[in-house]
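S.K.: So that you have it, the file is entry_12.cif, and it contains mmCIF, C-alpha atoms and all ligand atoms:
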data_model
#
loop_
_atom_site.label_atom_id
_atom_site.label_comp_id
_atom_site.auth_asym_id
_atom_site.auth_seq_id
_atom_site.Cartn_x
_atom_site.Cartn_y
_atom_site.Cartn_z
CA MET A 1 -3.63 -1.11 76.13
CA THR A 2 -3.58 1.07 73.00
CA LEU A 3 -0.82 0.74 70.45
CA ARG A 4 0.51 4.15 71.48
CA GLU A 5 0.83 2.86 75.07
CA ARG A 6 2.51 -0.32 73.87
CA ILE A 7 5.10 1.65 71.89
CA GLU A 8 5.60 3.99 74.85
CA ARG A 9 6.31 0.95 77.06
CA GLU A 10 8.74 -0.46 74.49
CA ILE A 11 10.62 2.86 74.48
CA ARG A 12 10.68 3.00 78.30
CA GLU A 13 12.18 -0.51 78.39
CA ARG A 14 14.64 -0.21 75.47
CA GLY A 15 15.29 3.51 75.16
CA PRO A 16 14.57 5.42 71.93
CA ILE A 17 13.95 2.96 69.07
CA PRO A 18 15.00 3.09 65.39
CA PHE A 19 12.31 4.45 63.07
CA SER A 20 12.11 1.00 61.42
CA CYS A 21 11.03 -0.51 64.79
CA TYR A 22 8.43 2.22 65.25
CA MET A 23 7.09 1.60 61.71
CA GLU A 24 7.07 -2.17 62.26
CA LEU A 25 5.02 -1.81 65.47
CA CYS A 26 2.58 0.67 63.87
CA LEU A 27 1.93 -1.56 60.86
CA TYR A 28 2.47 -5.13 62.05
CA ASP A 29 1.97 -5.37 65.82
CA PRO A 30 -0.01 -8.64 65.92
CA ASP A 31 -2.77 -7.19 68.11
CA ALA A 32 -3.14 -3.54 67.23
CA GLY A 33 -0.95 -2.87 64.14
CA TYR A 34 -2.51 -1.22 61.11
CA TYR A 35 -2.53 -4.43 59.05
CA ALA A 36 -3.59 -6.62 61.99
CA ARG A 37 -6.94 -4.91 62.48
CA SER A 38 -10.05 -6.21 60.79
CA ARG A 39 -11.07 -2.73 59.58
CA GLU A 40 -10.80 -2.30 55.82
CA GLN A 41 -7.50 -0.85 54.61
CA PHE A 42 -8.11 -1.09 50.86
CA GLY A 43 -10.45 0.53 48.34
CA LYS A 44 -13.19 3.11 48.77
CA ALA A 45 -14.10 2.07 52.33
CA GLY A 46 -10.43 1.98 53.35
CA ASP A 47 -7.46 4.34 53.24
CA PHE A 48 -5.90 3.87 49.80
CA TYR A 49 -6.41 2.28 46.38
CA THR A 50 -4.00 -0.18 44.79
CA SER A 51 -4.08 -1.18 41.10
CA SER A 52 -6.24 -4.24 41.80
CA ASP A 53 -8.84 -2.00 43.45
CA VAL A 54 -9.19 -0.04 40.18
CA HIS A 55 -10.25 -2.95 37.99
CA ALA A 56 -9.68 -6.67 37.34
CA VAL A 57 -7.88 -5.78 34.10
CA PHE A 58 -4.68 -5.28 36.10
CA GLY A 59 -4.69 -8.94 37.21
CA ARG A 60 -5.83 -10.07 33.78
CA LEU A 61 -2.97 -8.33 31.94
CA MET A 62 -0.52 -9.70 34.48
CA ALA A 63 -1.95 -13.21 33.97
CA ARG A 64 -1.20 -12.75 30.26
CA GLN A 65 2.40 -11.84 31.13
CA PHE A 66 2.77 -14.75 33.58
CA GLU A 67 1.55 -17.16 30.91
CA GLU A 68 4.17 -15.79 28.52
CA MET A 69 6.86 -16.22 31.17
CA TRP A 70 5.73 -19.82 31.64
CA ARG A 71 6.18 -20.40 27.89
CA VAL A 72 9.63 -18.75 28.01
CA LEU A 73 10.49 -21.29 30.73
CA GLY A 74 9.56 -24.05 28.26
CA SER A 75 5.93 -24.61 29.36
CA PRO A 76 6.93 -26.79 32.35
CA GLU A 77 4.38 -29.17 33.83
CA ARG A 78 4.38 -27.17 37.02
CA ILE A 79 4.86 -23.47 37.73
CA GLU A 80 4.59 -21.72 41.08
CA ILE A 81 3.47 -18.14 41.46
CA VAL A 82 4.33 -16.71 44.86
CA GLU A 83 2.68 -13.41 45.70
CA LEU A 84 4.20 -11.40 48.55
CA GLY A 85 1.85 -9.22 50.64
CA PRO A 86 -1.34 -9.97 48.68
CA GLY A 87 -3.54 -7.87 51.03
CA ARG A 88 -7.17 -8.79 50.46
CA GLY A 89 -6.37 -10.95 47.43
CA LEU A 90 -8.11 -9.21 44.55
CA PHE A 91 -5.05 -9.53 42.33
CA ALA A 92 -4.71 -13.27 42.92
CA ARG A 93 -8.41 -13.81 42.30
CA ASP A 94 -8.35 -11.80 39.04
CA ALA A 95 -5.15 -13.44 37.78
CA LEU A 96 -6.37 -16.96 38.65
CA ASP A 97 -9.87 -16.48 37.20
CA TRP A 98 -8.49 -15.05 33.96
CA SER A 99 -5.86 -17.77 33.62
CA ARG A 100 -8.53 -20.45 34.02
CA GLN A 101 -10.69 -18.77 31.39
CA LYS A 102 -8.03 -17.80 28.83
CA PHE A 103 -4.94 -19.92 29.36
CA PRO A 104 -6.10 -23.43 30.38
CA ASP A 105 -2.73 -25.12 29.77
CA PHE A 106 -0.95 -22.58 31.93
CA PHE A 107 -3.69 -22.81 34.56
CA ARG A 108 -3.30 -26.57 34.72
CA ALA A 109 0.42 -26.17 35.49
CA LEU A 110 -0.12 -23.34 37.95
CA ASN A 111 0.12 -23.38 41.74
CA TYR A 112 -0.42 -20.04 43.46
CA THR A 113 0.93 -19.29 46.95
CA LEU A 114 -0.04 -16.15 48.84
CA VAL A 115 2.40 -15.03 51.54
CA GLU A 116 0.57 -12.69 53.89
CA ALA A 117 1.88 -11.73 57.34
CA SER A 118 -1.40 -10.40 58.72
CA ALA A 119 -3.66 -13.06 60.27
CA ALA A 120 -6.72 -10.84 59.74
CA LEU A 121 -5.90 -10.50 56.05
CA ARG A 122 -5.23 -14.25 55.74
CA GLU A 123 -8.82 -14.78 56.85
CA LYS A 124 -10.06 -12.39 54.19
CA LEU A 125 -7.87 -14.12 51.60
CA ALA A 126 -9.36 -17.49 52.49
CA ALA A 127 -12.82 -16.07 51.79
CA THR A 128 -11.88 -14.25 48.55
CA LEU A 129 -10.06 -17.28 47.15
CA ARG A 130 -12.24 -20.03 48.64
CA GLU A 131 -12.87 -21.71 45.31
CA HIS A 132 -9.19 -21.83 44.31
CA VAL A 133 -8.07 -22.92 47.79
CA GLN A 134 -10.63 -25.73 47.83
CA ALA A 135 -9.40 -26.87 44.42
CA ALA A 136 -5.81 -26.87 45.82
CA LYS A 137 -4.87 -24.31 43.16
CA ALA A 138 -4.05 -21.64 45.76
CA SER A 139 -2.59 -21.81 49.25
CA ILE A 140 -2.19 -19.13 51.89
CA VAL A 141 0.84 -18.95 54.21
CA GLY A 142 2.06 -16.45 56.79
CA ASP A 143 5.76 -16.61 56.13
CA VAL A 144 7.91 -17.11 53.05
CA ALA A 145 10.08 -19.50 55.07
CA SER A 146 7.25 -22.03 54.97
CA TYR A 147 7.34 -21.93 51.20
CA LEU A 148 9.79 -24.09 49.26
CA SER A 149 9.79 -24.08 45.49
CA THR A 150 10.91 -27.17 43.72
CA GLY A 151 11.39 -25.84 40.23
CA ASN A 152 10.05 -23.01 38.10
CA GLY A 153 8.59 -19.99 39.77
CA ILE A 154 7.43 -16.39 39.47
CA PHE A 155 7.66 -14.16 42.52
CA PHE A 156 5.25 -11.25 42.33
CA ALA A 157 4.88 -8.24 44.66
CA ASN A 158 2.60 -5.26 44.17
CA GLU A 159 2.98 -2.51 46.77
CA PHE A 160 4.72 -4.93 49.12
CA PHE A 161 8.14 -3.31 49.30
CA ASP A 162 6.78 0.18 50.10
CA ALA A 163 5.15 -1.31 53.20
CA LEU A 164 8.41 -2.65 54.66
CA PRO A 165 10.01 -0.77 57.58
CA VAL A 166 12.78 1.71 56.71
CA GLU A 167 15.51 3.53 58.59
CA VAL A 168 15.35 7.34 58.42
CA LEU A 169 18.59 9.31 58.20
CA SER A 170 19.42 13.01 58.38
CA SER A 171 22.69 14.90 58.38
CA HIS A 172 22.72 14.24 62.15
CA GLY A 173 22.68 10.46 61.74
CA SER A 174 20.12 7.67 62.12
CA MET A 175 16.78 8.59 63.65
CA ARG A 176 15.52 7.28 66.98
CA VAL A 177 11.99 7.66 68.24
CA GLY A 178 11.65 8.44 71.95
CA TRP A 179 8.81 9.45 74.27
CA GLU A 180 8.96 12.58 76.42
CA ALA A 181 6.34 14.70 78.14
CA GLY A 182 3.48 12.77 76.58
CA ARG A 183 4.61 12.80 72.98
CA PHE A 184 6.96 11.08 70.53
CA VAL A 185 10.27 12.89 70.07
CA GLU A 186 12.96 12.36 67.45
CA SER A 187 16.68 12.21 68.12
CA PHE A 188 19.68 11.02 66.10
CA VAL A 189 22.60 8.67 66.74
CA SER A 190 25.60 7.89 64.54
CA ALA A 191 24.55 5.93 61.45
CA SER A 192 25.50 2.24 61.44
CA ALA A 193 28.02 0.80 58.98
CA ALA A 194 25.17 -0.83 57.02
CA GLU A 195 23.28 2.48 56.80
CA MET A 196 26.40 4.36 55.68
CA GLU A 197 27.12 1.75 53.04
CA TYR A 198 23.53 1.96 51.79
CA LEU A 199 23.79 5.75 51.41
CA ASP A 200 27.20 5.47 49.71
CA ARG A 201 26.09 2.91 47.17
CA TYR A 202 22.42 3.52 46.44
CA SER A 203 21.36 6.84 47.86
CA ILE A 204 22.76 10.21 48.88
CA HIS A 205 24.08 11.65 52.12
CA PRO A 206 21.41 14.05 53.34
CA GLU A 207 22.24 17.73 53.70
CA GLU A 208 21.13 19.88 56.64
CA GLY A 209 17.33 19.79 56.81
CA GLU A 210 17.03 16.79 54.49
CA ARG A 211 15.92 13.25 55.25
CA VAL A 212 16.44 10.06 53.28
CA GLU A 213 15.49 6.47 53.97
CA ALA A 214 17.54 3.30 53.96
CA GLY A 215 15.43 0.29 53.02
CA LEU A 216 17.54 -2.33 54.78
CA GLU A 217 14.59 -4.69 55.31
CA ALA A 218 13.76 -4.56 51.58
CA GLN A 219 17.40 -5.52 50.89
CA ARG A 220 17.02 -8.60 53.09
CA TRP A 221 14.06 -9.82 51.03
CA MET A 222 15.95 -10.23 47.76
CA PRO A 223 18.21 -13.13 48.87
CA ARG A 224 15.16 -14.78 50.48
CA ILE A 225 13.34 -14.62 47.14
CA ALA A 226 16.34 -15.82 45.15
CA ALA A 227 16.90 -18.72 47.57
CA ALA A 228 13.27 -19.84 47.32
CA MET A 229 13.27 -19.92 43.52
CA PRO A 230 15.57 -22.28 41.61
CA ARG A 231 14.54 -20.84 38.21
CA GLY A 232 12.15 -18.19 37.01
CA PHE A 233 11.15 -14.54 37.26
CA VAL A 234 10.68 -11.83 39.87
CA VAL A 235 8.21 -9.01 39.14
CA ILE A 236 8.14 -6.12 41.60
CA ILE A 237 5.66 -3.27 41.14
CA ASP A 238 5.81 -0.20 43.34
CA TYR A 239 6.28 3.53 43.50
CA GLY A 240 9.87 4.51 43.92
CA TYR A 241 12.98 5.93 42.38
CA THR A 242 16.47 5.15 41.17
CA ARG A 243 19.71 6.57 42.52
CA GLU A 244 19.90 8.85 39.47
CA GLU A 245 16.57 10.40 40.40
CA LEU A 246 17.77 10.94 43.96
CA LEU A 247 20.92 12.60 42.69
CA ALA A 248 18.77 14.84 40.51
CA GLY A 249 17.14 16.07 43.72
CA ARG A 250 13.86 14.21 43.54
CA HIS A 251 12.18 11.92 46.07
CA ARG A 252 14.08 12.81 49.23
CA GLY A 253 12.28 12.02 52.48
CA THR A 254 9.43 9.89 51.16
CA VAL A 255 7.85 8.51 54.34
CA MET A 256 4.12 9.16 53.94
CA CYS A 257 0.96 8.18 55.80
CA TYR A 258 -2.49 7.45 54.43
CA ARG A 259 -5.81 7.54 56.25
CA GLN A 260 -9.22 7.65 54.63
CA HIS A 261 -7.69 8.69 51.33
CA SER A 262 -5.79 11.69 52.64
CA ALA A 263 -2.02 11.82 52.83
CA SER A 264 0.04 13.22 55.70
CA ASP A 265 3.72 13.26 56.61
CA ASN A 266 3.08 12.92 60.36
CA SER A 267 3.93 9.32 61.23
CA TYR A 268 3.24 9.89 64.93
CA GLU A 269 -0.41 10.71 64.60
CA ALA A 270 -2.72 7.83 65.46
CA PRO A 271 -0.27 4.87 65.52
CA GLY A 272 -1.96 1.78 64.09
CA GLU A 273 -4.77 3.84 62.57
CA GLN A 274 -2.94 4.99 59.46
CA ASP A 275 -0.81 3.33 56.81
CA ILE A 276 2.87 4.31 56.74
CA THR A 277 4.86 3.84 53.52
CA ALA A 278 8.16 4.82 51.93
CA HIS A 279 9.19 4.94 48.27
CA VAL A 280 11.19 1.98 47.04
CA ASN A 281 14.82 2.44 46.01
CA PHE A 282 15.01 0.35 42.82
CA THR A 283 18.78 0.74 42.46
CA ALA A 284 19.24 -0.84 45.89
CA LEU A 285 16.73 -3.62 45.18
CA ARG A 286 18.36 -4.46 41.89
CA ALA A 287 21.82 -4.62 43.49
CA ALA A 288 20.56 -6.86 46.32
CA GLY A 289 18.91 -9.12 43.74
CA GLU A 290 22.06 -9.33 41.63
CA ARG A 291 24.17 -10.17 44.66
CA ALA A 292 21.75 -13.02 45.32
CA GLY A 293 22.13 -14.39 41.79
CA LEU A 294 19.24 -12.70 39.98
CA GLU A 295 19.65 -11.00 36.63
CA CYS A 296 18.02 -7.63 35.96
CA LEU A 297 15.88 -7.62 32.81
CA GLY A 298 14.71 -4.05 33.17
CA LEU A 299 12.82 -1.33 34.96
CA VAL A 300 9.84 0.20 33.15
CA THR A 301 6.91 2.33 34.19
CA GLN A 302 3.66 0.50 34.86
CA ALA A 303 2.24 2.32 31.81
CA GLN A 304 5.00 0.94 29.56
CA PHE A 305 4.66 -2.52 31.07
CA LEU A 306 0.89 -2.80 30.67
CA MET A 307 0.97 -1.15 27.22
CA GLY A 308 3.51 -3.74 26.12
CA ILE A 309 1.33 -6.60 27.37
CA GLY A 310 -2.03 -5.34 26.10
CA GLU A 311 -1.10 -3.70 22.82
CA GLU A 312 -1.25 -6.77 20.61
CA THR A 313 -4.75 -7.77 21.70
CA GLN A 314 -5.89 -4.14 21.80
CA PHE A 315 -6.63 -4.56 25.49
CA SER A 316 -9.37 -7.08 24.85
CA ASP A 317 -8.81 -8.24 28.46
CA ALA A 318 -10.41 -4.99 29.60
CA PHE A 319 -13.40 -4.87 27.29
CA GLU A 320 -14.43 -8.46 26.68
CA ASP A 321 -17.11 -8.60 29.37
CA ALA A 322 -18.31 -4.99 28.95
CA ARG A 323 -21.28 -4.92 26.61
CA LEU A 324 -23.02 -1.58 27.09
CA PRO A 325 -21.40 1.60 25.70
CA GLN A 326 -21.35 3.21 29.17
CA GLU A 327 -19.66 0.11 30.63
CA ARG A 328 -17.04 0.27 27.88
CA ALA A 329 -16.48 3.97 28.52
CA LYS A 330 -15.99 3.30 32.24
CA ARG A 331 -13.59 0.46 31.49
CA ALA A 332 -11.60 2.74 29.16
CA LEU A 333 -11.21 5.28 31.96
CA GLN A 334 -10.06 2.59 34.43
CA LEU A 335 -7.55 1.29 31.91
CA LYS A 336 -6.31 4.83 31.28
CA HIS A 337 -5.79 5.27 35.01
CA LEU A 338 -3.74 2.07 35.23
CA ALA A 339 -1.84 2.14 31.97
CA THR A 340 -1.18 5.73 30.92
CA PRO A 341 1.04 8.40 32.43
CA VAL A 342 -1.96 10.40 33.73
CA GLY A 343 -2.81 8.01 36.58
CA MET A 344 -0.90 5.24 38.32
CA GLY A 345 0.92 4.39 35.09
CA GLU A 346 3.81 6.78 35.61
CA THR A 347 3.99 6.73 39.41
CA PHE A 348 4.45 2.98 39.56
CA GLN A 349 7.44 1.15 38.15
CA VAL A 350 8.02 -2.50 37.37
CA LEU A 351 11.34 -4.19 38.11
CA VAL A 352 11.75 -7.52 36.32
CA MET A 353 14.53 -9.94 37.25
CA SER A 354 15.17 -13.55 36.34
CA LYS A 355 17.16 -16.55 37.49
CA GLY A 356 18.49 -19.36 35.36
CA VAL A 357 16.67 -18.25 32.21
CA ASP A 358 18.35 -17.81 28.84
CA THR A 359 18.63 -14.03 28.21
CA GLU A 360 17.82 -14.41 24.52
CA LYS A 361 14.46 -15.88 25.44
CA THR A 362 13.59 -13.21 27.98
CA ALA A 363 14.25 -10.42 25.47
CA GLY A 364 10.90 -10.97 23.77
CA LEU A 365 8.70 -10.59 26.87
CA SER A 366 5.90 -8.24 25.91
CA GLY A 367 5.96 -6.28 29.18
CA LEU A 368 9.58 -5.37 28.48
CA LYS A 369 8.97 -4.14 24.92
CA PHE A 370 9.55 -0.54 25.99
CA VAL A 371 12.59 -1.08 28.24
CA SER A 372 14.90 1.85 27.66
CA ARG A 373 16.94 2.30 30.78
CA PHE A 374 18.38 0.80 33.97
C1 LIG B 1 0.20 -2.01 50.76
S1 LIG B 1 -0.34 -3.64 51.05
C2 LIG B 1 -0.44 -4.23 49.38
C3 LIG B 1 -1.53 -5.24 49.17
C4 LIG B 1 -1.73 -5.83 47.77
N1 LIG B 1 -0.49 -6.31 47.20
C5 LIG B 1 -2.38 -4.86 46.83
O1 LIG B 1 -1.75 -4.42 45.89
O2 LIG B 1 -3.54 -4.50 47.06
C6 LIG B 1 1.09 -4.46 51.74
C7 LIG B 1 0.82 -5.88 52.18
O3 LIG B 1 2.06 -6.53 52.52
C8 LIG B 1 1.84 -7.32 53.69
N2 LIG B 1 3.15 -7.58 54.33
C9 LIG B 1 4.00 -6.70 54.88
N3 LIG B 1 5.10 -7.30 55.39
C10 LIG B 1 4.96 -8.61 55.13
C11 LIG B 1 5.78 -9.76 55.36
N4 LIG B 1 6.94 -9.65 55.98
N5 LIG B 1 5.35 -10.94 54.92
C12 LIG B 1 4.17 -11.06 54.26
N6 LIG B 1 3.33 -10.01 54.03
C13 LIG B 1 3.72 -8.81 54.45
C14 LIG B 1 0.88 -6.46 54.49
O4 LIG B 1 0.25 -7.17 55.53
C15 LIG B 1 -0.07 -5.99 53.40
O5 LIG B 1 -1.07 -6.93 53.13
#
Show me the file's structure as structure tokens.
M.R.:
Amino acid sequence: MTLRERIEREIRERGPIPFSCYMELCLYDPDAGYYARSREQFGKAGDFYTSSDVHAVFGRLMARQFEEMWRVLGSPERIEIVELGPGRGLFARDALDWSRQKFPDFFRALNYTLVEASAALREKLAATLREHVQAAKASIVGDVASYLSTGNGIFFANEFFDALPVEVLSSHGSMRVGWEAGRFVESFVSASAAEMEYLDRYSIHPEEGERVEAGLEAQRWMPRIAAAMPRGFVVIIDYGYTREELLAGRHRGTVMCYRQHSASDNSYEAPGEQDITAHVNFTALRAAGERAGLECLGLVTQAQFLMGIGEETQFSDAFEDARLPQERAKRALQLKHLATPVGMGETFQVLVMSKGVDTEKTAGLSGLKFVSRF
């Protein structure tokens, strides 16, 4: 049975389903969902690039920041990094390799847990991180519930929140996806109290012809993170917006699909064959985090964040192992793509939160050098 047929059956049994259910089935159906298949999703052979696909310098700069966070926490004997949705694991590999090479004291204290829902990707992770798993430095789990931190931690998520299912709302209410005459059809029902509250507090009420999303599943993740981490930091990197940007008329209706490096806004084409994403609402994430006991340290662009981390060492993390002039030139272009406004640097934002850490100490974090808003 194809995924389309499976979804059709689900709709026949339950009636039209919320868009979040449709998105969940398309991406995470254990047999035929987009992330369950063994076909490559990432990089040149896949459908999209993430920062770790550009170059290892992304993981290396982040390792530098994690080491600094560990020192801010008082260089404890043990620190846990928990990465949510690590995909094929390039980030973890780069961050672990660089920590071992550059920050041996931090590396000694470090334990790295990868929380990946897709069984196919967990297999790939085991291969990518074999060395670190064998050395009991890294472990791979399918669910954050099976992870329990005992002390100091850093939760990290790159392009995890944009992959979580969202509700879609229009001026006619909350969207339902049905199946009629051989195709998916959209209809609307009255928005739920939770959806209305989300729009009131973090978003806007859509006008005729407009659509907005409510990231209710993303909201549910923040208390889970806070509960699993007695003390430490949360670093969330993603593309998204704040409520102010929504009010200014930008980023309305951000559900997008990616297949073989082309973007489309038709979520009903080829279920399970294309990635479906939605921009992250940082105002909503921050509020959910604060309700769960986290403190917001700032929201900066990825360019500002990486500039702040790499400035002092003149980005030696990027160039150290590039000897030839053409290698150095290539590395400079990759760094520019990651850390300046021309590439991913301005599209992606970094939300940093903390729990149980003295605010005076967190003020000096190099990634937050350019915090100016939020
Ligand atoms: C867009 S990919 C990002 C991958 C990686 N962080 C990177 O930057 O290349 C999103 C990842 O989140 C995972 N994911 C989604 N929901 C999850 C959940 N509830 N628990 C764990 N992983 C999840 C997906 O399987 C996928 O690997």
S.K.: Got a sec to check which residues lie within 6 Å of ligand LIG 1 (chain B), using all atoms listed in the file, and send them as a ChimeraX atom specification?
M.R.: /A:35,50,52,84-87,115-118,143,158-160,163-164
S.K.: Within 8 Å of (9.0, -4.3, 30.1) (file coordinates; all atoms listed in the file), which protein or nucleic acid residues are there? I'd like them as a JSON list (two decimals) with C-alpha atoms, in the coordinates of the input.
M.R.:
[["chain", "number", "residue", "atom", "x", "y", "z"],
["A", 298, "GLY", "CA", 14.71, -4.05, 33.17],
["A", 299, "LEU", "CA", 12.82, -1.33, 34.96],
["A", 300, "VAL", "CA", 9.84, 0.20, 33.15],
["A", 304, "GLN", "CA", 5.00, 0.94, 29.56],
["A", 305, "PHE", "CA", 4.66, -2.52, 31.07],
["A", 308, "GLY", "CA", 3.51, -3.74, 26.12],
["A", 350, "VAL", "CA", 8.02, -2.50, 37.37],
["A", 352, "VAL", "CA", 11.75, -7.52, 36.32],
["A", 365, "LEU", "CA", 8.70, -10.59, 26.87],
["A", 366, "SER", "CA", 5.90, -8.24, 25.91],
["A", 367, "GLY", "CA", 5.96, -6.28, 29.18],
["A", 368, "LEU", "CA", 9.58, -5.37, 28.48],
["A", 369, "LYS", "CA", 8.97, -4.14, 24.92],
["A", 370, "PHE", "CA", 9.55, -0.54, 25.99],
["A", 371, "VAL", "CA", 12.59, -1.08, 28.24]]
S.K.: If I take atom CA of A:Leu169 and atom CA of A:Arg259, how far is one from the other in Å, to one decimal?
M.R.: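 Atom-to-atom, atom CA of A:Leu169 to atom CA of A:Arg259, that is 24.5 Å.
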S.K.: What is the distance between atom CA of A:Ala45 and atom CA of A:Asp265, in Å to one decimal?
M.R.: 21.5 Å
S.K.: A:Glu186, A:Glu311, A:Glu273, A:Asp317: which is nearest A:Gln41, counting only C-alpha atoms?
M.R.: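 Looking only at the distances to A:Gln41, the closest residue turns out to be A:Glu273.
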S.K.: List as number ranges by chain the protein and nucleic acid residues near A:Arg93, meaning an atom at most 12 Å away when only C-alpha atoms are counted, but skip any in the same chain fewer than 3 places from it.
M.R.: A: 52-53, 55-60, 62-63, 83, 86-90, 96-100, 112-114, 125-133, 137-138
S.K.: Please produce a file of the residues just selected, as a short mmCIF file (atom, residue, chain, number, x, y, z; two decimals), keeping the file's coordinate frame, where the atoms kept are C-alpha atoms.
M.R.:
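For reference, out.cif as written:
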data_model
loop_
_atom_site.label_atom_id
_atom_site.label_comp_id
_atom_site.auth_asym_id
_atom_site.auth_seq_id
_atom_site.Cartn_x
_atom_site.Cartn_y
_atom_site.Cartn_z
CA SER A 52 -6.24 -4.24 41.80
CA ASP A 53 -8.84 -2.00 43.45
CA HIS A 55 -10.25 -2.95 37.99
CA ALA A 56 -9.68 -6.67 37.34
CA VAL A 57 -7.88 -5.78 34.10
CA PHE A 58 -4.68 -5.28 36.10
CA GLY A 59 -4.69 -8.94 37.21
CA ARG A 60 -5.83 -10.07 33.78
CA MET A 62 -0.52 -9.70 34.48
CA ALA A 63 -1.95 -13.21 33.97
CA GLU A 83 2.68 -13.41 45.70
CA PRO A 86 -1.34 -9.97 48.68
CA GLY A 87 -3.54 -7.87 51.03
CA ARG A 88 -7.17 -8.79 50.46
CA GLY A 89 -6.37 -10.95 47.43
CA LEU A 90 -8.11 -9.21 44.55
CA LEU A 96 -6.37 -16.96 38.65
CA ASP A 97 -9.87 -16.48 37.20
CA TRP A 98 -8.49 -15.05 33.96
CA SER A 99 -5.86 -17.77 33.62
CA ARG A 100 -8.53 -20.45 34.02
CA TYR A 112 -0.42 -20.04 43.46
CA THR A 113 0.93 -19.29 46.95
CA LEU A 114 -0.04 -16.15 48.84
CA LEU A 125 -7.87 -14.12 51.60
CA ALA A 126 -9.36 -17.49 52.49
CA ALA A 127 -12.82 -16.07 51.79
CA THR A 128 -11.88 -14.25 48.55
CA LEU A 129 -10.06 -17.28 47.15
CA ARG A 130 -12.24 -20.03 48.64
CA GLU A 131 -12.87 -21.71 45.31
CA HIS A 132 -9.19 -21.83 44.31
CA VAL A 133 -8.07 -22.92 47.79
CA LYS A 137 -4.87 -24.31 43.16
CA ALA A 138 -4.05 -21.64 45.76
#
S.K.: Separation of atom CA of A:His279 and atom CA of A:Gln349, in Å?
M.R.: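 Going from atom CA of A:His279 over to atom CA of A:Gln349 covers 10.9 Å.
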S.K.: Near A:Val72, within 9 Å and counting all atoms listed in the file, which residues show up once chain neighbours fewer than 6 positions away are dropped, as a list in words?
M.R.: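 Selected residues are Val357, Asp358, Lys361, Thr362, Gly364 and Leu365 of chain A.
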S.K.: Measuring between all atoms listed in the file, which one of A:Ile7, A:Pro18, A:Val54, A:Leu121 shows the shortest distance to A:Ser190?
M.R.: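 Result for the nearest residue to A:Ser190: A:Pro18.
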